[in-house]
file run.tsv (TSV, C-alpha atoms)
chain	number	residue	atom	x	y	z
R	1	MET	CA	5.70	-31.19	54.76
R	2	LYS	CA	2.41	-32.70	53.77
R	3	PHE	CA	0.08	-31.40	51.11
R	4	SER	CA	-3.56	-32.16	51.15
R	5	PRO	CA	-4.97	-33.35	47.81
R	6	ALA	CA	-7.95	-30.99	48.07
R	7	LYS	CA	-5.71	-27.92	48.30
R	8	THR	CA	-3.58	-28.89	45.25
R	9	ALA	CA	-6.58	-29.59	43.07
R	10	ARG	CA	-8.10	-26.20	43.91
R	11	SER	CA	-4.97	-24.23	43.12
R	12	ARG	CA	-4.65	-25.71	39.60
R	13	GLY	CA	-8.01	-24.61	38.20
R	14	VAL	CA	-9.67	-21.37	37.20
R	15	THR	CA	-13.06	-20.48	38.51
R	16	LEU	CA	-15.93	-19.59	36.22
R	17	LEU	CA	-16.05	-16.10	37.72
R	18	GLU	CA	-12.36	-15.48	36.93
R	19	MET	CA	-12.87	-16.67	33.36
R	20	LEU	CA	-15.90	-14.38	32.90
R	21	VAL	CA	-13.95	-11.38	34.19
R	22	VAL	CA	-11.12	-12.04	31.71
R	23	LEU	CA	-13.60	-12.43	28.83
R	24	ALA	CA	-15.32	-9.17	29.82
R	25	ILE	CA	-11.97	-7.30	29.84
R	26	VAL	CA	-10.97	-8.73	26.45
R	27	SER	CA	-14.39	-7.87	24.97
R	28	MET	CA	-14.23	-4.29	26.22
R	29	SER	CA	-10.72	-3.80	24.86
R	30	ILE	CA	-11.81	-5.08	21.43
R	31	VAL	CA	-14.76	-2.68	21.40
R	32	LEU	CA	-12.55	0.23	22.42
R	33	PHE	CA	-9.57	-0.41	20.13
R	34	ALA	CA	-11.21	-1.84	16.99
R	35	PRO	CA	-12.09	1.61	15.53
R	36	MET	CA	-8.48	2.72	15.96
R	37	ILE	CA	-7.20	-0.34	14.11
R	38	VAL	CA	-9.67	0.14	11.24
R	39	ASP	CA	-8.77	3.85	11.01
R	40	ALA	CA	-5.04	3.06	10.90
R	41	ALA	CA	-5.60	0.57	8.07
R	42	GLY	CA	-7.47	3.22	6.09
R	43	LYS	CA	-4.67	5.74	6.50
R	44	ASN	CA	-2.20	3.42	4.78
R	45	ARG	CA	-4.27	2.80	1.63
R	46	GLY	CA	-2.41	5.47	-0.35
R	47	LEU	CA	0.97	4.20	0.76
R	48	ARG	CA	0.08	0.60	-0.16
R	49	ASP	CA	-1.05	1.74	-3.62
R	50	ALA	CA	2.06	3.88	-4.12
R	51	GLU	CA	4.35	1.01	-3.09
R	52	SER	CA	2.49	-1.32	-5.44
R	53	ILE	CA	2.86	1.10	-8.37
R	54	ALA	CA	6.55	1.70	-7.59
R	55	THR	CA	7.18	-2.05	-7.47
R	56	ALA	CA	5.32	-2.59	-10.74
R	57	LEU	CA	7.36	0.19	-12.39
R	58	ARG	CA	10.65	-1.30	-11.16
R	59	THR	CA	9.61	-4.76	-12.37
R	60	SER	CA	8.56	-3.37	-15.75
R	61	ARG	CA	11.90	-1.56	-16.10
R	62	ALA	CA	13.74	-4.82	-15.36
R	63	ASP	CA	11.53	-6.63	-17.90
R	64	ALA	CA	12.29	-3.98	-20.56
R	65	ILE	CA	16.02	-4.43	-19.99
R	66	ALA	CA	15.81	-8.24	-19.95
R	67	SER	CA	13.61	-8.50	-23.05
R	68	ASN	CA	15.50	-5.73	-24.90
R	69	ARG	CA	12.25	-4.00	-25.91
R	70	PRO	CA	10.42	-0.91	-24.65
R	71	ILE	CA	7.50	-1.42	-22.26
R	72	ASP	CA	4.68	1.08	-21.81
R	73	PHE	CA	3.41	1.48	-18.24
R	74	VAL	CA	-0.10	2.97	-18.38
R	75	ILE	CA	-1.71	5.12	-15.68
R	76	ASP	CA	-5.43	5.74	-16.15
R	77	VAL	CA	-6.38	8.62	-13.86
R	78	THR	CA	-10.12	8.50	-14.58
R	79	GLY	CA	-10.38	4.72	-14.22
R	80	LYS	CA	-7.97	4.66	-11.25
R	81	THR	CA	-5.99	1.79	-12.79
R	82	TYR	CA	-2.36	1.13	-13.69
R	83	GLY	CA	-0.25	-1.55	-15.30
R	84	VAL	CA	1.71	-2.66	-18.35
R	85	ASP	CA	-0.01	-1.91	-21.66
R	86	GLY	CA	-1.74	-5.00	-23.01
R	87	GLU	CA	-1.93	-6.75	-19.64
R	88	LYS	CA	-4.68	-6.71	-17.03
R	89	ALA	CA	-4.76	-3.36	-15.25
R	90	LEU	CA	-4.67	-3.19	-11.45
R	91	SER	CA	-7.08	-0.95	-9.53
R	92	LEU	CA	-6.37	1.55	-6.77
R	93	SER	CA	-8.03	1.35	-3.37
R	94	SER	CA	-11.27	3.21	-2.86
R	95	GLY	CA	-10.91	6.59	-1.20
R	96	VAL	CA	-7.74	7.62	-3.04
R	97	THR	CA	-7.21	9.67	-6.18
R	98	ILE	CA	-4.36	9.53	-8.65
R	99	GLU	CA	-2.62	12.34	-10.53
R	100	PHE	CA	-0.14	11.86	-13.38
R	101	THR	CA	2.35	14.13	-15.11
R	102	GLY	CA	4.24	12.75	-18.07
R	103	ALA	CA	5.05	13.05	-21.76
R	104	ARG	CA	2.05	14.42	-23.66
R	105	GLU	CA	3.03	12.70	-26.91
R	106	LEU	CA	2.79	9.25	-25.25
R	107	MET	CA	-0.76	9.74	-23.92
R	108	LYS	CA	-3.36	7.21	-25.01
R	109	PRO	CA	-6.45	8.39	-26.95
R	110	SER	CA	-8.47	7.56	-23.81
R	111	GLY	CA	-6.47	10.17	-21.90
R	112	ALA	CA	-4.44	7.64	-19.93
R	113	GLY	CA	-0.80	8.57	-19.33
R	114	VAL	CA	2.17	6.43	-20.28
R	115	ILE	CA	5.68	6.02	-18.92
R	116	ARG	CA	7.79	4.26	-21.53
R	117	LEU	CA	10.57	2.12	-20.07
R	118	HIS	CA	13.44	1.63	-22.53
R	119	PRO	CA	15.74	-1.40	-22.93
R	120	ASP	CA	18.78	0.66	-21.90
R	121	GLY	CA	17.19	1.37	-18.49
R	122	ALA	CA	16.11	4.93	-19.29
R	123	SER	CA	12.47	6.02	-19.44
R	124	SER	CA	10.22	8.78	-20.69
R	125	GLY	CA	9.95	9.91	-17.06
R	126	GLY	CA	6.91	10.95	-15.12
R	127	ALA	CA	5.39	11.70	-11.75
R	128	ILE	CA	2.48	9.94	-10.08
R	129	ARG	CA	0.74	11.25	-6.98
R	130	ILE	CA	-1.59	9.13	-4.86
R	131	VAL	CA	-3.75	11.43	-2.76
R	132	SER	CA	-5.62	10.05	0.24
R	133	GLU	CA	-7.40	11.73	3.11
R	134	LYS	CA	-4.31	12.35	5.23
R	135	GLU	CA	-1.30	12.15	2.89
R	136	ILE	CA	0.13	12.40	-0.58
R	137	ASP	CA	2.43	9.63	-1.78
R	138	ALA	CA	4.54	10.62	-4.78
R	139	ILE	CA	6.34	8.34	-7.24
R	140	GLU	CA	8.92	9.92	-9.52
R	141	VAL	CA	10.45	8.10	-12.47
R	142	ASP	CA	13.70	9.67	-13.66
R	143	TRP	CA	13.85	9.96	-17.45
R	144	LEU	CA	17.61	9.48	-17.71
R	145	THR	CA	18.19	6.54	-15.38
R	146	GLY	CA	14.68	5.12	-15.12
R	147	SER	CA	15.04	4.96	-11.34
R	148	VAL	CA	11.84	5.00	-9.30
R	149	ARG	CA	11.65	7.08	-6.10
R	150	LEU	CA	8.82	7.07	-3.59
R	151	SER	CA	8.18	9.92	-1.15
R	152	ARG	CA	5.41	10.86	1.29
R	153	GLU	CA	3.90	14.15	2.41
R	154	ARG	CA	1.45	14.39	5.29
R	155	LEU	CA	-1.55	16.69	4.97
R	156	ARG	CA	-2.79	18.65	7.95
call {"tool": "encode", "arguments": {"input": "run.tsv", "output": "C-alpha cells"}}
result
Amino acid sequence: MKFSPAKTARSRGVTLLEMLVVLAIVSMSIVLFAPMIVDAAGKNRGLRDAESIATALRTSRADAIASNRPIDFVIDVTGKTYGVDGEKALSLSSGVTIEFTGARELMKPSGAGVIRLHPDGASSGGAIRIVSEKEIDAIEVDWLTGSVRLSRERLR
C-alpha cells in the first residue's frame, strides 16, 4: 500500500472553518451557562460563611483548651462580623444576614453577642443563623460539651 504525501498532510491539520465553528460553539455555551454558574456561587454564600464560623468556633475551642484560659468568640449582628475578642474580626458575605441567640449577661455594650469557650471544653452555648436568599444555615454550640453543629434549611 502506498500513501501519497499530499493526502497525509491534509488529514493531520484542522481547517480555519472547523476552528471557527468550534470557537463559536464554545462562545455560545459560555454565554448560555455563565449566569447559571454565577447564580450557583451566590446560593452558597451563606453556607460558606456558616462553615467559616463553625471552623473558627472549633479552632477557638481547641485554643481555649490548649491555653487553659477562656476565649470569647464575638458575633456582631449589626456589623456582620465575627471572631475572637481582641483579634481582627472577619466579615460576612454581602447578601446574607446573621442572627444570634446566646447568654444575655455576656453581651458586649455594643450589643454584640459572645460565646465563651472554657478551658474544660464546655461553653456558654449559643445559636447562630446565617440567612441568605434561598436558605438558612444554623450553627449550634452546645453549652455542656462545647461541640459545634452545622445544619441547613432550604427556603421555598
call {"tool": "residues_around", "arguments": {"input": "run.tsv", "residues": "range 128-142 of chain R", "least_positions_apart": "4", "cutoff": "7 Å", "atoms": "all atoms listed in the file", "output": "list in words"}}
result
Lys43, Gly46, Leu47, Ala50, Ala54, Gly95, Val96, Thr97, Ile98, Glu99, Phe100, Thr101, Ser123, Gly146, Ser147, Val148, Arg149, Leu150, Ser151, Arg152, Glu153, Arg154 and Leu155 of chain R
call {"tool": "closest_residue", "arguments": {"input": "run.tsv", "among": "R:Ala66, R:Ala56, R:Leu32, R:Leu92", "to": "Thr78 in chain R", "atoms": "all atoms listed in the file"}}
result
R:Leu92
call {"tool": "atom_distance", "arguments": {"input": "run.tsv", "atom1": "CA of Ala122 in chain R", "atom2": "CA of Glu105 in chain R"}}
result
17.0 Å
call {"tool": "atom_distance", "arguments": {"input": "run.tsv", "atom1": "CA of Ile65 in chain R", "atom2": "CA of Pro119 in chain R"}}
result
4.2 Å
call {"tool": "atom_distance", "arguments": {"input": "run.tsv", "atom1": "CA of Lys80 in chain R", "atom2": "CA of Asp63 in chain R"}}
result
23.5 Å
call {"tool": "axis_aligned_box", "arguments": {"input": "run.tsv", "around": "range 113-116 of chain R", "padding_each_side": "8 Å", "output": "lines of an AutoDock Vina configuration file"}}
result
center_x = 3.5
center_y = 6.4
center_z = -20.2
size_x = 24.6
size_y = 20.3
size_z = 18.6
call {"tool": "closest_residue", "arguments": {"input": "run.tsv", "among": "R:Val31, R:Leu117, R:Val14, R:Ala127", "to": "Leu57 in chain R", "atoms": "all atoms listed in the file"}}
result
R:Leu117
call {"tool": "residues_around", "arguments": {"input": "run.tsv", "residues": "Thr81 in chain R", "least_positions_apart": "6", "cutoff": "8 Å", "atoms": "only C-alpha atoms", "output": "JSON, numbers by chain"}}
result
{"R": [75, 89, 90, 91, 92]}
call {"tool": "build_atoms", "arguments": {"input": "run.tsv", "residues": "range 90-106 of chain R", "atoms": "N, CA, C and O atoms", "output": "compact mmCIF listing (two decimals), keeping the file's coordinate frame"}}
result
# COMPACT_ATOMS: atom_id res chain seq x y z
N LEU R 90 -4.39 -3.07 -12.88
CA LEU R 90 -4.67 -3.19 -11.45
C LEU R 90 -5.39 -1.93 -10.99
O LEU R 90 -5.13 -0.83 -11.47
N SER R 91 -6.29 -2.07 -10.02
CA SER R 91 -7.08 -0.95 -9.53
C SER R 91 -6.52 -0.39 -8.24
O SER R 91 -5.93 -1.12 -7.44
N LEU R 92 -6.75 0.90 -8.02
CA LEU R 92 -6.37 1.55 -6.77
C LEU R 92 -7.43 1.28 -5.72
O LEU R 92 -8.58 0.93 -6.04
N SER R 93 -7.08 1.49 -4.48
CA SER R 93 -8.03 1.35 -3.37
C SER R 93 -9.09 2.44 -3.47
O SER R 93 -8.84 3.52 -4.02
N SER R 94 -10.25 2.17 -2.89
CA SER R 94 -11.27 3.21 -2.86
C SER R 94 -10.84 4.29 -1.86
O SER R 94 -10.11 4.03 -0.91
N GLY R 95 -11.25 5.50 -2.11
CA GLY R 95 -10.91 6.59 -1.20
C GLY R 95 -9.62 7.30 -1.52
O GLY R 95 -9.20 8.19 -0.79
N VAL R 96 -8.95 6.92 -2.62
CA VAL R 96 -7.74 7.62 -3.04
C VAL R 96 -7.93 8.13 -4.46
O VAL R 96 -8.73 7.58 -5.23
N THR R 97 -7.21 9.17 -4.81
CA THR R 97 -7.21 9.67 -6.18
C THR R 97 -5.79 9.61 -6.71
O THR R 97 -4.83 9.58 -5.95
N ILE R 98 -5.68 9.62 -8.02
CA ILE R 98 -4.36 9.53 -8.65
C ILE R 98 -4.19 10.71 -9.61
O ILE R 98 -5.13 11.12 -10.28
N GLU R 99 -2.98 11.25 -9.61
CA GLU R 99 -2.62 12.34 -10.53
C GLU R 99 -1.37 11.89 -11.28
O GLU R 99 -0.50 11.24 -10.70
N PHE R 100 -1.29 12.27 -12.57
CA PHE R 100 -0.14 11.86 -13.38
C PHE R 100 0.37 13.03 -14.20
O PHE R 100 -0.40 13.78 -14.77
N THR R 101 1.69 13.15 -14.25
CA THR R 101 2.35 14.13 -15.11
C THR R 101 3.40 13.37 -15.90
O THR R 101 4.24 12.67 -15.32
N GLY R 102 3.30 13.47 -17.23
CA GLY R 102 4.24 12.75 -18.07
C GLY R 102 4.27 13.32 -19.47
O GLY R 102 3.69 14.38 -19.74
N ALA R 103 4.90 12.61 -20.38
CA ALA R 103 5.05 13.05 -21.76
C ALA R 103 3.70 13.08 -22.48
O ALA R 103 3.01 12.06 -22.55
N ARG R 104 3.34 14.25 -22.98
CA ARG R 104 2.05 14.42 -23.66
C ARG R 104 1.96 13.56 -24.92
O ARG R 104 0.91 13.01 -25.22
N GLU R 105 3.08 13.44 -25.65
CA GLU R 105 3.03 12.70 -26.91
C GLU R 105 2.83 11.19 -26.73
O GLU R 105 2.52 10.48 -27.67
N LEU R 106 3.00 10.68 -25.51
CA LEU R 106 2.79 9.25 -25.25
C LEU R 106 1.39 8.93 -24.73
O LEU R 106 1.04 7.77 -24.56
